[in-house]
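Notes follow the structure.
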Amino acid sequence: MRVKEITNSVLDCLKTSAPKPLSAADIADSLQLRGQARKHIQKLLHRLVVDGEVAVRGSRYVVVATTAGKVLTGRITIVRSGDGFLATGDGTEDIRITARHLGTALPGDTVEVDLGMQRGRGREAGGEPRVVRVVERGRKEIVGTLKTSGRFLYVVPIDAAYERWFKVGDSSGAKLDDRVVVEFVRWDNRDDYPEGRIIEVIGSANVASFDTQTILRHYNYKEEFPGNVLREAESVKTIPANAGRRLDLRDKFIFTIDPVTARDFDDALSLETDPQGNRVLGVHIADVAFFVRSGTPLDVEARRRGNSVYFPDKVIPMLPHALSSGACSLVPDEDRLAFSVFITVDRAGSPIKSTFGRSIIRSRLRLTYEQAMSGLSVPDGQACRKAGMTAENVRLAKDINRLAQQFRRRRFAAGALDLDMPDYEIVLRPDGSVADVRQVLYDQSHQLVEECMVAANEAVDQELSNRGIALVHRIHESPVERKLEDLSAKLIEMGFKPGDLRRRDGIVKFLHSVEGSPLLSQVRTAVLRSMCKAVYSASPKGHFGLSKRFYAHFTSPIRRYPDLVVHRILAAALESAPSPYRIQELTGISDECSQTEQQAEMAERSLLEIKKYRFLEQELSDRKAQPHDAVIVKVAAFGMFVELIKLQVQGLVHNSTLGKDAGTRRSLHRAARDGHKTYKSGGVVKVYVTKVDFDHRRIDFSIA
């Protein structure tokens with residue numbers, strides 16, 4: 001029998017026996033196969049599994065019946081629990097695929113998923129979504145750490161979303177515990193390891209200076225720009241002769257507020273009063289679109305990158321430094337081209353009208369957030385020598401802050417969600433090791449800038465949308481009901497009474513009620529995870545989290561490509577020219593930029609996690625155990641999960657470390673006890689780290 005005939009016969013045999021699964025020997029006996037045909041039946045079945053036509057049930061096989069449900073094709077995301085999620089592409093909830101139904105899919109693969117017979121999708125209950133075929137592998141090269149089982153070599157991927165480790169034939173010159181690049185070879189059987197081969201050695205996993213390089217290589221980030229892109233950027237003149245007709249704002253007092261480490265400044269502020277006594281807020285954004293023209297090498301590379309990526313020791317910029325830190329940066333005491341938004345606001349803080357124009361500005365003052373906060377803290381009428389601010393500078397900053405706080409109060413009154421998370425800065429030594437972890441305070445100086453930028457972004461979207469002009473929106477859709485039900489269950493398990501979270505005001509009320517709770521950070525994290533992701537879209541669907549009907553990104557064109565696109569569209573609209581983009585192209589740009597943004601977030605989180613684990617490992621190796629403040633997140637039968645408040649990493653305090661009398665009390669909310677003390681969710685404790693297992697992403701603690 002030929003291969004095609006055997007294949008058809010095997011499928012017919014399985015269909016006839018369905019739903020009873022058959023072993024390879026059963027099939028061979030049923031088909032009366034002899035000799036070579038019988039020997040190759042196992043290999044044929046493996047191929048049918050990979051192709052999605054046959055599924056494995058233990059050591060037996062059953063045909064996959066895709067006629068029961070719709071088959072969707074898309075890119076799969078796999079989370080640390082091992083489950084996968086397939087975006088539907090129609091705005092509805094992502095399809096969840098449990099780990100046991102992922103087949104041989106890996107993170108980022110393009111797969112076909114049979115929806116089966118799902119509840120709520122017009123089919124009877126019973127079936128579950130399952131991957132039936134891997135259409136294309138998402139990543140051909142994976143970075144990880146070389147290990148050995150004693151019998152064979154394998155590589156543990158640096159990305160924790162990879163549930164499976166990669167078997168490699170030889171070390172290719174790498175040593176055990178080296179970080180290496182593995183080229184994917186094959187994965188035919190879910191019960192076995194995926195196979196790969198080492199194509200590059202980065203360096204020892206024990207050397208902290210290789211951490212950033214490891215993440216750059218895994219996520220395929222290139223620090224260098226192509227030669228033609230660099231040449232184009234370096235040929236740019238700061239104020240060219242063909243800058244066109246512009247508003248000359250160089251006599252206005254315009255200033256910037258940025259982090260102390262900032263090297264590029266793409267937004268500046270001003271405030272004046274119109275003849276009617278209304279305040280006019282000026283938000284001035286670097287006119288990147290003037291320098292980066294559509295279709296040029298600069299533009300093509302910026303679109304490919306999508307955004308800048310920020311690591312503790314390095315920035316991978318969207319644009320070359322000649323632009324991002326040079327011609328486009330709104331540095332003080334230099335003429336710069338800008339795109340200005342003027343928002344006229346009444347006494348109550350409600351915008352009356354907005355106007356827009358390309359401009360030329362000269363920033364008069366550069367403030368860090370710390371300096372701005374110092375200025376906001378001095379008494380009215382006084383200068384702030386510490387920040388280099390005159391009394392007039394202080395008055396202006398306070399006036400803008402009062403306006404920003406009005407914006408903020410109006411936003412929350414309209415139902416915006418307060419999901420601000422505490423931010424911590426990793427301070428590195430020259431060798432890449434962690435010197436310190438410092439909290440970055442989110443004070444009124446940060447709120448001042450944020451609220452002004454939100455107002456400008458809203459004004460731009462509203463202007464273009466009211467004109468009926470398509471653009472790239474920043475959207476955040478309403479959460480789906482099932483995720484809100486899961487959120488309620490999780491919050492109840494944490495010891496809260498969340499009430500009805502199906503309505504926006506219910507979420508707002510609950511978030512307000514937990515202010516001051518030790519579990520506030522964990523609550524906000526849980527709420528965030530229940531929400532849809534904020535993404536870019538050519539469809540105006542509003543922003544649920546900000547409670548805005550109109551919202552786009554306009555204020556950071558140096559580091560975000562969608563902002564650059566919106567600049568071009570607004571510039572054309574102001575000149576009554578046709579939009580430079582068709583709706584289909586805007587849809588493509590939105591999808592691309594959503595993906596590059598999500599990848600940047602994953603890469604940034606991955607490096608921070610490595611550094612945090614390394615920080616705790618260093619404590620153990622130095623035998624200088626430090627007590628860490630932690631909050632109890634969850635109590636289980638075997639112990640309790642805690643999260644370090646400063647490092648924001650979770651681990652387990654096992655019952656065995658609590659003493660021989662340790663146990664768990666059964667109640668609505670579990671509580672652990674060690675004979676004389678009871679521990680409940682939300683309690684704050686001091687803990688020591690006792691074990692760090694990076695390969696399995698596990699940390700063990702003991703009570704201090």
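Going by the structure tokens order, chains are called A, B, ..., each with residues numbered from 1, while ligands are numbered from 1 in the order shown.
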If you run DSSP over the backbone, which residues in stretch 305-423 of chain A end up helix (DSSP H, G or I)? Put them as a ChimeraX atom specification. /A:305,321-327,369-377,385-387,391-413
Just list the residues in stretch 183-320 of chain A DSSP gives strand (DSSP E) on the backbone, as a short mmCIF file (atom, residue, chain, number, x, y, z; two decimals) with N, CA and C atoms, in the first residue's frame.
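Below you can see part07.cif, which holds the result:
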```
data_model
loop_
_atom_site.label_atom_id
_atom_site.label_comp_id
_atom_site.auth_asym_id
_atom_site.auth_seq_id
_atom_site.Cartn_x
_atom_site.Cartn_y
_atom_site.Cartn_z
N GLU A 183 17.85 26.84 17.96
CA GLU A 183 17.01 26.86 16.77
C GLU A 183 16.01 25.70 16.84
N PHE A 184 14.73 26.04 16.71
CA PHE A 184 13.69 25.01 16.78
C PHE A 184 13.85 24.03 15.62
N VAL A 185 13.75 22.73 15.94
CA VAL A 185 13.86 21.69 14.91
C VAL A 185 12.51 21.02 14.67
N ARG A 186 11.93 20.44 15.73
CA ARG A 186 10.65 19.76 15.55
C ARG A 186 10.04 19.44 16.90
N GLU A 195 12.41 19.44 20.10
CA GLU A 195 13.82 19.27 19.76
C GLU A 195 14.38 20.56 19.17
N GLY A 196 15.64 20.83 19.46
CA GLY A 196 16.30 22.00 18.91
C GLY A 196 17.79 21.77 18.79
N ARG A 197 18.49 22.75 18.23
CA ARG A 197 19.95 22.67 18.18
C ARG A 197 20.53 24.03 18.54
N ILE A 198 21.62 24.01 19.28
CA ILE A 198 22.26 25.23 19.74
C ILE A 198 23.00 25.88 18.58
N ILE A 199 22.71 27.16 18.32
CA ILE A 199 23.36 27.86 17.21
C ILE A 199 24.21 29.05 17.69
N GLU A 200 24.12 29.38 18.99
CA GLU A 200 24.88 30.53 19.49
C GLU A 200 25.02 30.40 21.00
N VAL A 201 26.18 30.79 21.50
CA VAL A 201 26.43 30.82 22.94
C VAL A 201 26.57 32.27 23.38
N ILE A 202 25.74 32.69 24.35
CA ILE A 202 25.77 34.07 24.83
C ILE A 202 26.76 34.22 25.98
N GLY A 203 26.73 33.33 26.95
CA GLY A 203 27.62 33.40 28.10
C GLY A 203 26.97 32.78 29.32
N SER A 204 27.68 32.75 30.40
CA SER A 204 27.21 32.07 31.61
C SER A 204 25.97 32.74 32.19
N LEU A 247 3.00 78.66 13.88
CA LEU A 247 2.77 79.58 14.99
C LEU A 247 4.11 79.81 15.68
N ASP A 248 4.51 81.06 15.80
CA ASP A 248 5.78 81.35 16.47
C ASP A 248 5.49 81.60 17.95
N ILE A 254 7.31 78.35 28.00
CA ILE A 254 7.01 76.92 27.80
C ILE A 254 8.09 76.12 28.52
N PHE A 255 7.69 75.07 29.22
CA PHE A 255 8.67 74.30 30.00
C PHE A 255 8.36 72.81 29.93
N THR A 256 9.33 71.99 30.33
CA THR A 256 9.18 70.53 30.29
C THR A 256 9.35 69.96 31.69
N ILE A 257 8.71 68.82 31.94
CA ILE A 257 8.89 68.04 33.17
C ILE A 257 9.12 66.59 32.76
N ASP A 258 10.24 66.02 33.14
CA ASP A 258 10.60 64.65 32.74
C ASP A 258 11.39 63.97 33.85
N ASP A 267 7.41 66.37 25.08
CA ASP A 267 6.22 67.15 25.42
C ASP A 267 6.60 68.32 26.32
N ALA A 268 5.91 69.45 26.13
CA ALA A 268 6.13 70.66 26.93
C ALA A 268 4.79 71.31 27.22
N LEU A 269 4.75 72.20 28.21
CA LEU A 269 3.50 72.78 28.68
C LEU A 269 3.58 74.30 28.74
N SER A 270 2.41 74.93 28.62
CA SER A 270 2.28 76.37 28.85
C SER A 270 0.87 76.64 29.35
N LEU A 271 0.64 77.80 29.94
CA LEU A 271 -0.69 78.18 30.42
C LEU A 271 -0.85 79.69 30.32
N GLU A 272 -1.95 80.10 29.70
CA GLU A 272 -2.26 81.53 29.58
C GLU A 272 -3.75 81.74 29.88
N THR A 273 -4.17 82.98 29.90
CA THR A 273 -5.58 83.33 30.12
C THR A 273 -6.08 84.11 28.91
N ARG A 279 -8.83 79.81 31.18
CA ARG A 279 -7.46 79.32 31.06
C ARG A 279 -7.28 78.60 29.72
N VAL A 280 -6.10 78.78 29.13
CA VAL A 280 -5.77 78.12 27.87
C VAL A 280 -4.51 77.29 28.11
N LEU A 281 -4.70 75.96 28.18
CA LEU A 281 -3.58 75.05 28.38
C LEU A 281 -2.93 74.76 27.03
N GLY A 282 -1.62 74.93 26.97
CA GLY A 282 -0.88 74.57 25.76
C GLY A 282 -0.09 73.29 25.98
N VAL A 283 -0.32 72.30 25.13
CA VAL A 283 0.46 71.06 25.16
C VAL A 283 1.23 71.00 23.85
N HIS A 284 2.54 71.06 23.93
CA HIS A 284 3.40 71.19 22.75
C HIS A 284 4.21 69.91 22.58
N ILE A 285 4.01 69.26 21.46
CA ILE A 285 4.61 67.95 21.21
C ILE A 285 5.61 68.05 20.06
N ALA A 286 6.74 67.38 20.20
CA ALA A 286 7.76 67.39 19.15
C ALA A 286 7.15 67.00 17.81
N VAL A 309 11.83 50.63 23.64
CA VAL A 309 11.79 49.60 24.68
C VAL A 309 12.75 50.03 25.78
N TYR A 310 12.29 49.97 27.03
CA TYR A 310 13.05 50.52 28.14
C TYR A 310 13.48 49.43 29.12
N PHE A 311 14.80 49.30 29.29
CA PHE A 311 15.39 48.38 30.24
C PHE A 311 16.13 49.18 31.32
N LYS A 314 19.44 50.18 29.61
CA LYS A 314 19.53 50.42 28.18
C LYS A 314 18.16 50.78 27.61
N VAL A 315 18.14 51.60 26.57
CA VAL A 315 16.92 51.91 25.84
C VAL A 315 17.13 51.50 24.38
N ILE A 316 16.18 50.78 23.83
CA ILE A 316 16.19 50.47 22.41
C ILE A 316 15.21 51.46 21.77
#
```
Shell around stretch 133-146 of chain A at 7 Å using only C-alpha atoms, local window under 2 positions removed, as a VMD selection string: chain A and resid 50 to 52 105 108 to 112 131 154 to 158 176 to 184 205 214 218
Which neighbours of A:Tyr581 fall inside 9 Å, counting only C-alpha atoms, when residues of the same chain fewer than 4 positions from it are skipped, and could you give them as number ranges by chain? A: 470-471, 565, 569, 585-586
Contacts of A:Thr587 at 12 Å (only C-alpha atoms; same-chain gap of 6+ positions) as a ChimeraX atom specification: /A:89,470-473,535-540,562,565,581,593-594
I'd like the neighbourhood of A:Val378 as a ChimeraX atom specification, where a residue qualifies if any of its atoms comes within 12 Å (using only C-alpha atoms), though same-chain residues fewer than 3 positions away should be ignored. /A:371-375,381-387,389-391,393-395,397-398
Residues within 7 Å of A:Ile360, only C-alpha atoms, excluding chain neighbours under 5 positions, as a ChimeraX atom specification: /A:246-250,335-338
Please report the interatomic distance between atom CA of A:Ala526 and atom CA of A:Met421 in Å with one decimal.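 That distance, rounded to one decimal, is 11.5 Å.
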Would you please work out which residue, of A:Ser308, A:Ser576, A:Ser433, A:Thr344, is nearest to A:Asn206 when using only C-alpha atoms?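 That would be A:Ser433, the residue with the smallest distance to A:Asn206.
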Here atom CA of A:Arg231 and atom CA of A:Arg293 stand apart by 14.5 Å
Which of these residues is nearest to A:Gln599, using only C-alpha atoms: A:Asn307, A:Ser294, A:Gln276, A:Asn401?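 Nearest to A:Gln599: A:Asn307.
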Measure the distance from atom CA of A:Glu485 to atom CA of A:Ile507 in Å and round it to one decimal.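 It comes out at 12.2 Å.
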Residue among A:Ala534, A:Ala603, A:Ala327, A:Ala348 lying closest to A:Asn220, counting only C-alpha atoms: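 Checking each of A:Ala534, A:Ala603, A:Ala327, A:Ala348 against A:Asn220, counting only C-alpha atoms, the winner is A:Ala603.
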Here is a test: counting only C-alpha atoms, which residue of A:Lys634, A:Arg549, A:Arg429, A:Arg410 is nearest to A:Ser465?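 Distance minimum relative to A:Ser465 lands on A:Arg549.
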Top pick for closest residue to A:Leu216, considering A:Ser606, A:Ser325, A:Ser23, A:Ser235 and counting only C-alpha atoms: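 Comparing A:Ser606, A:Ser325, A:Ser23, A:Ser235 against A:Leu216, the winner is A:Ser606.
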Under the rule that only C-alpha atoms are counted, which of A:Thr77, A:Ser209, A:Ser171, A:Thr16 is the nearest residue to A:Phe152?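 Nearest candidate to A:Phe152 out of A:Thr77, A:Ser209, A:Ser171, A:Thr16: A:Ser171.
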